Amino acid sequence: MRFNVSKHSCAIALLVALFSQAVAQTKTPVGQAFLPLKKSVKREEMASRLEQLIPRLMKEGVVPGLSILVIRDGKVFWQQQFGVKNAETREPVDADTVFEAASLSKPVVAYAVLKLADSGKLDLDTPLVKYLPGAYMESDERLNQITARRVLTHTTGFPNWRRGNQLTINFKPGERFSYSGEGFVYLQKTIEHLMGEPLDAIIKKLVFEPLGMTSSSYVWQGGYESRKAYGHDPFGKVTGRRKPTEANAAASLNTTAQDYAKFVIAVMNGTGLKKETAREMLMPQVKVQEGCTDCINKPGTGQLSSTISWGLGWGLQRTEDGDSFWHWGDSNNDVQAYVVAYPKQKMGVVIFTDSGNGHSIIPEILKEAIGGQQPAIAWLNYEPYNSPVRTFVRDILARHEAAINEYRERRKSASFSGRFNEVQMNRIGYALLSQKMLDEAIEIFKMNVEDFPDSWNVYDSLGEAYMVRGEKDLAIKNYQKSIELNPKNDNGIEMLKKLQGQ
């Protein structure tokens, strides 16, 4: 997989490089190494264990701040905050700290859309073009097949995010699952036109006010200035705070763990929805493919998960522990969050972090806080905080060439079992490149070329690293080799033209 650092910010480079979702396409283990679902653990016992576990994980995983809330019997059972809002100022996280919810924005919008459907203002299966006049995208008759239901189930055929100004439909709507933020933006434009109000005002009336979510908003509030956590990249550096002036249904929610727990409890109980609508929200609508969330470029022939499906706005799990709904958030890999809840047992967990490493430690926290089988964790496939890849990068950060040379020597041995594959080495190289460790990054990419000489992608990556370091001739040589192996490498072709001054 190629990652173009030159076109993105450091935070996005990190996202697509080392610390994003792992890209190996593997089957989702059904059980994972989770304990049985914890239905009756005493609060004091849970608190003691988590208050010892979480700080250790945060230190080892480089997560500056975290807020967690555990739900039992449909109400707040335990909540606690750890660490800091800003690694530079060291201001502590507290119960009022506001976090970016990232993609946890989507279920809230889904709930509001279902309330509109209950009131007769919107039909889930009517094409959205009927509600939103005018051309939304370049002519494509398949737009007439996109409905609110298909947005909420991620079956629109839209990509997660468009490239530039071009939005495309990539497969027949309703055919299969592929996660899409663009679908929610289209739905947002539709309901804003329908209601004659901006999204945040709509959500405030339909969700925030009825549920008492007083700290939540899809646009920046003045009170957030002193309350909102800063984002931190996977190396613990402060990346800043986004202050949205316009709502984005897919991503711009700011909230607290306590506010979001109110929403989760409402979903558990079906509050505010007709009984049938509440049931349908958490009813499987489409199965997901194993090994991919963004499946635009994956034909619909992949193996379907036996445990994970999508409802109306929520991911769903079906395991021996019972049915649960879940969702994750990841904003530019500097803010990460996770929610899982069991309607029948009336229990769940809400976790917000101010770090691009949040998902690396969340599974360990879930094991202690709620237990149970969590196949969604395996499906998301984030790199664990203590994985060999992360450990190697930390070693390189500390010892530079010495760490790389030791790995180079070990990999010469036929008995060495710790060799990284092509994708892992590529992620390591880009993580170093994002930290401006150009010499180290180039050495990693060079080893990848040695190990995988028939891969067009390794030459593309090495060419980019040489380009960043200003070695034009070597960059051209490697881009040319990449294009020779893959004539459809559009990025390589574009970069080569720039390097050659065409």
# chains A, B, ... in the order shown; residues from 1 in each chain; ligands from 1

$ residues_around --residues "A:Glu44" --least-positions-apart "6" --cutoff "12 Å" --atoms "only C-alpha atoms" --output "list in words"
Leu50, Glu51, Phe77, Trp78 and Gln79 of chain A

$ residues_around --residues "stretch 91-103 of chain A" --least-positions-apart "2" --cutoff "9 Å" --atoms "only C-alpha atoms" --output "PyMOL selection string"
chain A and resi 65-67+79-89+105-107+181+215-216+224+226-231+241-242+249-258+260+327-332+335-338+352-354

$ residues_around --residues "A:Ala148" --least-positions-apart "2" --cutoff "8 Å" --atoms "only C-alpha atoms" --output "list of chain:residue names"
A:Asp123, A:Leu124, A:Asp125, A:Thr126, A:Pro127, A:Leu128, A:Ile146, A:Arg150, A:Val151, A:Leu152, A:Leu187

$ residues_around --residues "A:Leu496" --least-positions-apart "2" --cutoff "12 Å" --atoms "only C-alpha atoms" --output "list in words"
Asp460, Gly463, Glu464, Met467, Lys472, Asp473, Leu474, Ala475, Ile476, Lys477, Asn478, Tyr479, Gln480, Lys481, Ser482, Ile483, Asn489, Asp490, Asn491, Gly492, Ile493, Glu494, Lys498, Leu499, Gln500, Gly501 and Gln502 of chain A

$ atom_distance --atom1 "atom CA of A:Gly174" --atom2 "atom CA of A:Trp310"
12.4 Å

$ residues_around --residues "A:Lys274" --least-positions-apart "6" --cutoff "12 Å" --atoms "only C-alpha atoms" --output "list of chain:residue names"
A:Tyr111, A:Leu114, A:Lys115, A:Leu116, A:Ala117, A:Asp118, A:Ser119, A:Gly120, A:Val267, A:Glu280, A:Met281

$ select_by_dssp --residues "stretch 84-203 of chain A" --states "strand (DSSP E or B)" --output "PDB file with C-alpha atoms, in the first residue's frame"
ATOM      1  CA  VAL A  84      -3.795  15.187  30.453  1.00  0.00           C
ATOM      2  CA  PRO A  92      -5.500  17.157  33.554  1.00  0.00           C
ATOM      3  CA  VAL A  98     -14.696  17.552  25.783  1.00  0.00           C
ATOM      4  CA  PHE A  99     -13.305  15.132  23.204  1.00  0.00           C
ATOM      5  CA  GLU A 100     -13.685  14.820  19.479  1.00  0.00           C
ATOM      6  CA  PRO A 127     -34.281   7.965  -2.919  1.00  0.00           C
ATOM      7  CA  THR A 147     -31.641   6.116   0.214  1.00  0.00           C
ATOM      8  CA  ARG A 163     -10.611  12.617  -3.877  1.00  0.00           C
ATOM      9  CA  GLN A 166     -14.720  14.355  -7.523  1.00  0.00           C
TER      10      GLN A 166
END

$ atom_distance --atom1 "atom CA of A:His359" --atom2 "atom CA of A:Ile308"
18.6 Å

$ closest_residue --among "A:Val340, A:Phe325, A:Pro363, A:Thr293" --to "A:Arg279" --atoms "only C-alpha atoms"
A:Phe325

$ residues_around --residues "stretch 400-408 of chain A" --least-positions-apart "6" --cutoff "12 Å" --atoms "only C-alpha atoms" --output "MDAnalysis selection string"
chainID A and resid 388:389 391:394 416:420 425 428:429 432 437:448 450:451

$ atom_distance --atom1 "atom CA of A:Leu282" --atom2 "atom CA of A:Val264"
12.1 Å
